Amino acid sequence: MTTDWVKSDRQLARETLLRARGRRSLSAATTSTVIVVVVAAVAITASPGWPRVQETFFNWDALVNSLPDVLRGFLLNVMLFMIAEPIVLVLGLGVALVRGLRAPVFFPLRALAVLYTDIFRGIPVILLIYLVGFGVPALQLQGAPADPFTLGIIALVLSYTSFVAEVFRSGIDSIHPSQRAAARSLGLSHGQTMRYVVVPQAIRRVVPPLLNDFASLQKDTALVALLGPLEALRQAQIHVAKTFNYTPYVAAALLFIALTVPMARFTDHLAARAAHRRGGG
Amino acid sequence: MALLTIDGVWKRYQDHSVLRGVDLTVSSHEVVCLIGASGSGKSTLLRCVNLLETVDDGAIHLDGQEITDVRADPDDIRKRIGIVFQAYNLFPHMTVLDNITLAPRKVHGVRRAEAESQARDILTRFGLADKAATYPDRLSGGQQQRVAIIRALATHPRLLLLDEVTSALDPTLVNEVLGIIRELKQTGMTMILATHEMTFARDIADTICFLDQGTLVEHGPPAQIFDAPQNPRTREFLYG
């Protein structure tokens, strides 16, 4: 299309200037990064307590010794997360949809959904884990789950569903009313309008905030340690109790980071792609 | 028998009356153009007919059935009426083909293969055959509005409402949309249009209705309204 275009001298000079500015920016970024890292490293290692901290928190032998157990425990965290997350997604969407129902028969359901989000969004996860983990077995109900793994999942699901429901609800509310009008004018019922028109668009919009809640849920699986299952934090605690060395905690922290960082980058990637699509649309 | 009758319809928003007792009768195959300044109630009247707004008084009958009856099922009534909006309102997450076949498949229970072949036929007729798999945001405004009209037609409505369908388009794109409406008149579609395109209204309408501040001031065949308006308000609107 533009084969007849030869860059003018003015454009060539402009590009030379831009390249020079690019090189300057790169070297400035490199220099400032090196300085910050070196200063931080010197400040930490030169501190009077450093040898002791290094021995207690960054001990290679302690790391190697505890890692197999911590890793095995971490698999339990991954399982907690993998089971809880799909349940949270389905229930969260369900609660959000119930709050959108307008027919009078559904009033009790709607009221229940509002009550549920109000209560469970307000209770700290750690308290909820105690309440469910020790409260439910104490009821001694026939058929009620008693193993800490299941109880932990129930507590996490109860807490996170209330957050995810609000995320879905804000997504649903963000779809312009003209989309509903168009769907209803074609004869689609309220349910069909939600299913085929509103919810698919809402879900696309709330993927970044949902992934943010996922990252949070991944970390909070460690709180289930309070109930006793041998997950990463609990395994680390056991090693720490035996050796009085805190390195296993660092090992557990690194494993959690290894799981959440890819998730965070994936979230950024999705957000950037959505922004790009909007800009290019 | 009249296809649609509107009797003394009132519509209020807070303490402002947008429609003040409008009466109108539309026969089968008739094309009615609503003209009037912005805010005169044209769009509101169309939205009341499609039950997107509830009337505050009066009644609307379609095929002899009162559709403003509070016991009537709005979904059932909307199946018989198509509406096209000024802002197209296509579903952005669906292809052109899915936009068109959604209502036939989900509301009227047409099988996918059949719905799609019908949709392709009508897309071909209106010169959009190559756009079936495209998403709406890749189309020009004129193409989007043509797809919106096809989507409204896909359910074979008894009555088609067109709400200022060319107002968001630049002048070069207006004609391709007006062309479709002309073709629909040929096929005998009953239509009510709210429009600012006076030349087009004169050309296509069987009846012109002039609305001013929520009242139907004057109505009659185009020649009468445009050449010999009786009411001073109509004269002022048309001749300035």
# chains A, B, ... in the order shown; residues from 1 in each chain; ligands from 1
>>> interface_residues(of="chain B", to="chain A", cutoff="9 Å", atoms="only C-alpha atoms", output="JSON, numbers by chain")
{"B": [50, 51, 52, 74, 75, 76, 77, 78, 79, 80, 81, 82, 83, 84, 85, 87, 88, 89, 90, 91, 92, 93, 94, 102, 103, 104, 106, 107, 108, 137, 138, 151, 152, 155]}
>>> write_last_selection(atoms="C-alpha atoms", output="compact mmCIF listing (two decimals), in the first residue's frame")
# COMPACT_ATOMS: atom_id res chain seq x y z
CA ASN B 50 -43.47 -2.74 22.58
CA LEU B 51 -44.20 -2.75 26.34
CA LEU B 52 -40.70 -1.52 27.14
CA PRO B 74 -45.35 -9.23 27.80
CA ASP B 75 -42.94 -11.87 26.43
CA ASP B 76 -45.74 -13.37 24.39
CA ILE B 77 -46.74 -9.97 22.97
CA ARG B 78 -43.18 -8.93 22.14
CA LYS B 79 -42.83 -12.09 20.05
CA ARG B 80 -45.27 -10.48 17.62
CA ILE B 81 -43.64 -7.04 17.51
CA GLY B 82 -40.15 -6.20 16.27
CA ILE B 83 -38.33 -3.01 17.27
CA VAL B 84 -35.14 -1.44 15.94
CA PHE B 85 -33.35 1.16 18.04
CA ALA B 87 -28.25 2.86 18.73
CA TYR B 88 -28.62 -0.59 17.03
CA ASN B 89 -28.22 -2.45 20.37
CA LEU B 90 -26.66 -5.51 18.73
CA PHE B 91 -25.18 -8.07 21.14
CA PRO B 92 -21.41 -7.38 20.97
CA HIS B 93 -20.36 -10.86 22.15
CA MET B 94 -22.20 -12.64 19.33
CA LEU B 102 -30.93 -16.07 18.91
CA ALA B 103 -34.64 -15.21 19.15
CA PRO B 104 -35.86 -17.67 16.48
CA LYS B 106 -34.57 -19.68 21.87
CA VAL B 107 -37.99 -18.03 21.74
CA HIS B 108 -39.66 -19.66 18.75
CA ASP B 137 -17.89 -3.89 16.27
CA ARG B 138 -16.19 -4.75 12.98
CA ARG B 151 -32.59 -9.42 13.60
CA ALA B 152 -35.99 -7.84 14.25
CA THR B 155 -38.99 -13.69 14.13
>>> residues_around(residues="Leu75 of chain A", least_positions_apart="5", cutoff="10 Å", atoms="only C-alpha atoms", output="PyMOL selection string")
chain A and resi 70+80-81+230-232
>>> write_last_selection(atoms="C-alpha atoms", output="tab-separated table (two decimals), in the first residue's frame")
chain	number	residue	atom	x	y	z
A	70	VAL	CA	6.47	-28.58	53.02
A	80	LEU	CA	-8.05	-27.10	48.77
A	81	PHE	CA	-7.86	-24.34	46.20
A	230	LEU	CA	-0.91	-31.19	57.31
A	231	GLU	CA	-0.74	-28.50	54.61
A	232	ALA	CA	2.30	-26.35	53.84
>>> closest_residue(among="B:Leu178, B:Cys209, B:Leu161, B:Leu169", to="Phe126 of chain B", atoms="only C-alpha atoms")
B:Leu178
>>> closest_residue(among="B:Ser40, B:Ile6, B:Thr134, B:His16", to="Gln213 of chain B", atoms="only C-alpha atoms")
B:Ser40
>>> residues_around(residues="Thr195 of chain B", least_positions_apart="3", cutoff="9 Å", atoms="only C-alpha atoms", output="PyMOL selection string")
chain B and resi 33-36+42+162-167+198+200-201
>>> residues_around(residues="Asp69 of chain A", least_positions_apart="6", cutoff="9 Å", atoms="only C-alpha atoms", output="PyMOL selection string")
chain A and resi 232+235-236+239
>>> write_last_selection(atoms="N, CA and C atoms", output="CSV table (one decimal), in the first residue's frame")
chain,number,residue,atom,x,y,z
A,232,ALA,N,1.0,-26.9,53.9
A,232,ALA,CA,2.3,-26.3,53.8
A,232,ALA,C,2.7,-25.6,55.1
A,235,GLN,N,3.1,-28.1,58.0
A,235,GLN,CA,4.3,-28.8,57.9
A,235,GLN,C,5.5,-28.0,58.3
A,236,ALA,N,5.5,-26.7,57.9
A,236,ALA,CA,6.6,-25.8,58.2
A,236,ALA,C,6.7,-25.6,59.7
A,239,HIS,N,8.4,-28.5,61.4
A,239,HIS,CA,9.8,-28.5,61.3
A,239,HIS,C,10.4,-27.4,62.2
>>> residues_around(residues="Phe134 of chain A", least_positions_apart="2", cutoff="12 Å", atoms="only C-alpha atoms", output="list in words")
Leu127, Leu128, Ile129, Tyr130, Leu131, Val132, Val136, Pro137, Ala138, Leu139, Gln140, Pro145, Ala146, Asp147, Pro148, Leu151, Gly152, Ala155, Val224, Leu226, Leu227 and Gly228 of chain A
>>> write_last_selection(atoms="N, CA and C atoms", output="short mmCIF file (atom, residue, chain, number, x, y, z; two decimals), in the first residue's frame")
data_model
loop_
_atom_site.label_atom_id
_atom_site.label_comp_id
_atom_site.auth_asym_id
_atom_site.auth_seq_id
_atom_site.Cartn_x
_atom_site.Cartn_y
_atom_site.Cartn_z
N LEU A 127 -11.70 -16.18 61.52
CA LEU A 127 -12.76 -16.46 62.49
C LEU A 127 -13.74 -17.49 61.94
N LEU A 128 -14.04 -17.34 60.64
CA LEU A 128 -14.98 -18.25 60.00
C LEU A 128 -14.44 -19.68 60.02
N ILE A 129 -13.12 -19.80 59.83
CA ILE A 129 -12.52 -21.13 59.85
C ILE A 129 -12.63 -21.74 61.25
N TYR A 130 -12.42 -20.93 62.27
CA TYR A 130 -12.62 -21.43 63.64
C TYR A 130 -14.07 -21.84 63.87
N LEU A 131 -15.00 -20.93 63.48
CA LEU A 131 -16.42 -21.17 63.75
C LEU A 131 -16.91 -22.44 63.07
N VAL A 132 -16.56 -22.58 61.76
CA VAL A 132 -17.02 -23.76 61.02
C VAL A 132 -16.25 -25.00 61.47
N VAL A 136 -19.20 -26.73 63.73
CA VAL A 136 -20.03 -27.73 63.05
C VAL A 136 -19.88 -29.12 63.68
N PRO A 137 -18.62 -29.60 63.94
CA PRO A 137 -18.50 -30.92 64.58
C PRO A 137 -19.13 -30.94 65.98
N ALA A 138 -19.08 -29.78 66.67
CA ALA A 138 -19.62 -29.73 68.03
C ALA A 138 -21.13 -29.95 68.05
N LEU A 139 -21.79 -29.64 66.92
CA LEU A 139 -23.24 -29.86 66.85
C LEU A 139 -23.59 -31.34 66.91
N GLN A 140 -22.62 -32.17 66.53
CA GLN A 140 -22.81 -33.64 66.50
C GLN A 140 -24.03 -34.03 65.67
N PRO A 145 -20.16 -33.11 58.08
CA PRO A 145 -18.75 -33.45 57.89
C PRO A 145 -17.95 -33.14 59.15
N ALA A 146 -16.96 -33.97 59.44
CA ALA A 146 -16.17 -33.76 60.64
C ALA A 146 -14.68 -33.64 60.33
N ASP A 147 -14.26 -34.02 59.10
CA ASP A 147 -12.82 -33.95 58.84
C ASP A 147 -12.42 -32.52 58.51
N PRO A 148 -11.26 -32.09 59.02
CA PRO A 148 -10.84 -30.69 58.89
C PRO A 148 -10.69 -30.23 57.45
N LEU A 151 -14.19 -29.32 56.24
CA LEU A 151 -14.65 -28.15 57.00
C LEU A 151 -13.91 -26.89 56.54
N GLY A 152 -12.61 -27.05 56.26
CA GLY A 152 -11.82 -25.92 55.76
C GLY A 152 -12.36 -25.42 54.44
N ALA A 155 -15.58 -23.49 54.97
CA ALA A 155 -15.36 -22.14 55.50
C ALA A 155 -14.85 -21.20 54.40
N VAL A 224 -6.34 -22.82 56.78
CA VAL A 224 -6.95 -24.09 57.16
C VAL A 224 -6.02 -24.86 58.09
N LEU A 226 -5.11 -24.02 60.81
CA LEU A 226 -5.66 -23.89 62.16
C LEU A 226 -6.45 -25.11 62.59
N LEU A 227 -7.04 -25.81 61.61
CA LEU A 227 -7.87 -26.97 61.94
C LEU A 227 -7.06 -28.26 62.00
N GLY A 228 -5.79 -28.18 61.59
CA GLY A 228 -4.94 -29.35 61.76
C GLY A 228 -4.49 -30.13 60.55
#
>>> atom_distance(atom1="atom CA of Arg202 of chain B", atom2="atom CA of Asn231 of chain B")
17.8 Å
>>> select_by_dssp(residues="segment 10-183 of chain B", states="alpha helix (DSSP H)", output="PyMOL selection string")
chain B and resi 42-49+74-78+96-106+112-125+141-153+171-183
>>> closest_residue(among="B:Asp130, B:Asp170, B:Asp56, B:Glu236", to="Tyr13 of chain B", atoms="only C-alpha atoms")
B:Asp56
>>> select_by_dssp(residues="segment 49-104 of chain B", states="strand (DSSP E)", output="ChimeraX atom specification")
/B:57-62,65-66,81-84
>>> atom_distance(atom1="atom CA of Arg20 of chain B", atom2="atom CA of Ala72 of chain B")
23.5 Å
>>> residues_around(residues="Ser170 of chain A", least_positions_apart="3", cutoff="9 Å", atoms="only C-alpha atoms", output="PyMOL selection string")
chain A and resi 96+165-167+173-174+202+206
>>> atom_distance(atom1="atom CA of Gly220 of chain B", atom2="atom CA of Leu62 of chain B")
21.3 Å
>>> closest_residue(among="B:Val18, B:Val217, B:Leu128, B:Cys48", to="Gln145 of chain B", atoms="only C-alpha atoms")
B:Leu128
